[in-house]
Each structure stands twice: as C-alpha cells, then as structure tokens.
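**Student:** Mind having a look at this structure? Questions to follow.
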Amino acid sequence: MINRSSLYYIAAVIWGIPGVIITVKGVSAYFAADKSQLWWLMLITALVLTGFIFMFRRIVAKYCRFIQEQPERTSVLKTFPVRGWVIVIFMMCLGMALKIIGVPTAFTASFYSGLGPALLTAAILFLKK
C-alpha cells in the first residue's frame with residue numbers, strides 16, 4: 001500500500017517514459033524523412049499533437065478524479081481505473097505491432113513527433129495535481 005498522492009507520480013512515469021521514447025523515435029525519423037515532404041510532415045505533427053493534447057487533458061482530469069477518490073493508503077493498481085490499464089496495455093501492444101510490421105519513416109516522423117510530446121504534457125499535468 002502506498003500514499004494516494006504517490007499515484008500521481010506513478011501516473012506521470014507511466015505516461016512520461018513512453019513520451020520520451022516516442023518523441024526520440026519521431027524526431028530521429030525526421031532526419032531520415034524525405035526533405036521534400038518536410039512541411040507536410042510538420043503540419044501532420046502539429047495536428048496530431050493538438051488532437052492528443054486535447055484528448056489527454058480530459059483523460060488526465062478523469063484519472064486525477066479517480067485517484068482523488070481513493071483512500072489515503074491504496075494499491076498501485078488504483079493509479080488508473082481498469083479501463084485505463086486496458087488502454088495502456090493496448091497502446092503498448094499497438095506500439096510493438098507497429099515496430100514488428102514496420103511503418104514508413106514519414107508516419108513515424110509525423111505521428112510519433114506529435115504523440116510523444118502530448119504524452120509528456122500529460123505526464124506534467126499529473127505532476128501538477
């Protein structure tokens with residue numbers, strides 16, 4: 001059992017570590033991407049980043065309410081509701097599947113460079129609670 005306030009830090013780590021990894025992969029892919037498509041890729045990155053930030057803000061608020069409802073001493077598993085853990089596992093599996101099947105560099109550059117910073121933003125929001 002841990003203090004309820006520690007759940008915010010755990011949530012930040014669970015969202016922040018993949019955020020760093022995905023950001024690094026996305027930015028690295030930009031260096032390998034076709035330079036003639038650069039402005040399109042950057043536009044897609046901006047759209048992905050904006051969309052995920054809006055979505056993750058709502059999710060973070062919902063999960064913070066969930067954490068706040070927990071008793072002062074609780075289980076680490078109470079960091080997220082069951083549905084949240086299912087989503088985390090699904091996203092991990094999806095990431096592994098994308099790595100196995102291989103995706104175009106343009107996709108990695110534009111999508112990952114938007115998703116990674118959005119995950120990092122969510123991690124920061126957890127830390128601010």
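For the structure tokens, the naming scheme is as follows: chains receive sequential letters (A, B, ...) according to their order of presentation, residues are indexed from 1 within each chain, and ligands are indexed from 1 in presentation order.
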Fewer than 5 positions away in the same chain doesn't count, so skip those; otherwise give me all residues within 9 Å of A:Leu47, counting only C-alpha atoms, as a ChimeraX atom specification.

**Tutor:** /A:42,52,114

**Student:** Could you tell me, as a VMD selection string, which residues of chain A DSSP assigns to strand (DSSP E) when given the backbone?

**Tutor:** chain A and resid 2 to 3 73 to 74

**Student:** Using N, CA and C atoms, can you write the selected residues to a file as a compact mmCIF listing (two decimals), in the first residue's frame?

**Tutor:**
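Below is the file that was written, out_0.txt:
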```txt
# COMPACT_ATOMS: atom_id res chain seq x y z
N ILE A 2 0.44 2.24 -0.75
CA ILE A 2 1.19 3.49 -0.84
C ILE A 2 0.24 4.67 -0.59
N ASN A 3 0.83 5.83 -0.40
CA ASN A 3 0.01 7.03 -0.24
C ASN A 3 -0.68 7.36 -1.55
N ARG A 73 -4.39 5.45 1.86
CA ARG A 73 -3.44 4.36 1.61
C ARG A 73 -4.13 3.40 0.64
N THR A 74 -3.49 3.18 -0.49
CA THR A 74 -4.14 2.37 -1.53
C THR A 74 -3.11 1.58 -2.33
```

**Student:** Contacts of A:Ala11 at 10 Å or less, counting only C-alpha atoms, minus same-chain residues fewer than 4 places along, as an MDAnalysis selection string?

**Tutor:** chainID A and resid 6:7 15:16 60 63:64 67 76 79:80 122:127

**Student:** Take the residues just selected and output them with C-alpha atoms as a PDB file, in the first residue's frame.

**Tutor:**
```
ATOM      1  CA  SER A   6       2.154   8.864  -4.907  1.00  0.00           C
ATOM      2  CA  LEU A   7      -0.285   7.664  -7.560  1.00  0.00           C
ATOM      3  CA  TRP A  15       2.854   8.376 -19.352  1.00  0.00           C
ATOM      4  CA  GLY A  16       6.216  10.174 -19.356  1.00  0.00           C
ATOM      5  CA  VAL A  60      -5.734  13.163 -17.081  1.00  0.00           C
ATOM      6  CA  TYR A  63      -7.832   9.840 -13.860  1.00  0.00           C
ATOM      7  CA  CYS A  64      -6.958  12.514 -11.292  1.00  0.00           C
ATOM      8  CA  ILE A  67      -7.079   8.943  -7.816  1.00  0.00           C
ATOM      9  CA  VAL A  76      -0.539   0.951  -7.013  1.00  0.00           C
ATOM     10  CA  THR A  79      -3.436   4.604 -10.372  1.00  0.00           C
ATOM     11  CA  PHE A  80      -5.963   4.126 -13.190  1.00  0.00           C
ATOM     12  CA  ALA A 122       0.012  14.571 -19.849  1.00  0.00           C
ATOM     13  CA  ALA A 123       2.796  13.429 -17.511  1.00  0.00           C
ATOM     14  CA  ILE A 124       3.423  17.040 -16.498  1.00  0.00           C
ATOM     15  CA  LEU A 125      -0.305  17.516 -15.850  1.00  0.00           C
ATOM     16  CA  PHE A 126      -0.231  14.542 -13.464  1.00  0.00           C
ATOM     17  CA  LEU A 127       2.690  16.126 -11.620  1.00  0.00           C
TER      18      LEU A 127
END
```

**Student:** Would you kindly return, as a ChimeraX atom specification, each protein, DNA or RNA residue with an atom no farther than 10 Å from any atom of stretch 92-95 of chain A, considering only C-alpha atoms and excluding same-chain residues fewer than 5 positions away?

**Tutor:** /A:18,22,86-87,100

**Student:** Expressed in Å to a single decimal, how great is the separation between atom CA of A:Gly84 and atom CA of A:Val24?

**Tutor:** 24.5 Å

**Student:** If we count only C-alpha atoms, what is near A:Asp34 at a cut-off of 10 Å, once residues fewer than 5 positions away on the same chain are taken out, given as a ChimeraX atom specification?

**Tutor:** /A:29,41,105-106

**Student:** What would the file look like if the residues just selected were written as an mmCIF file, in the first residue's frame with C-alpha atoms?

**Tutor:**
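The result, stored in again_18.cif:
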```cif
data_model
loop_
_atom_site.group_PDB
_atom_site.id
_atom_site.type_symbol
_atom_site.label_atom_id
_atom_site.label_comp_id
_atom_site.auth_asym_id
_atom_site.auth_seq_id
_atom_site.Cartn_x
_atom_site.Cartn_y
_atom_site.Cartn_z
ATOM 1 C CA ALA A 29 12.704 9.742 -38.088
ATOM 2 C CA LEU A 41 5.069 16.122 -42.020
ATOM 3 C CA THR A 105 9.506 6.849 -41.975
ATOM 4 C CA ALA A 106 7.058 9.641 -42.802
#
```

**Student:** Would you mind writing down, as a VMD selection string, each residue of chain A that DSSP on the backbone assigns to helix (DSSP H, G or I)?

**Tutor:** chain A and resid 6 to 32 35 to 68 76 to 79 82 to 101 105 to 127

**Student:** Need the shell around A:Ala118: protein/DNA/RNA residues with any atom at most 8 Å away, counting only C-alpha atoms. Skip same-chain ones fewer than 6 positions apart. Format as a ChimeraX atom specification?

**Tutor:** /A:19,49-50,52-53,56

**Student:** Which neighbours of A:Gln68 fall inside 10 Å, counting only C-alpha atoms, when residues of the same chain fewer than 2 positions from it are skipped, and could you give them as a PyMOL selection string?

**Tutor:** chain A and resi 4-5+7-8+62-66+70-72+79+129
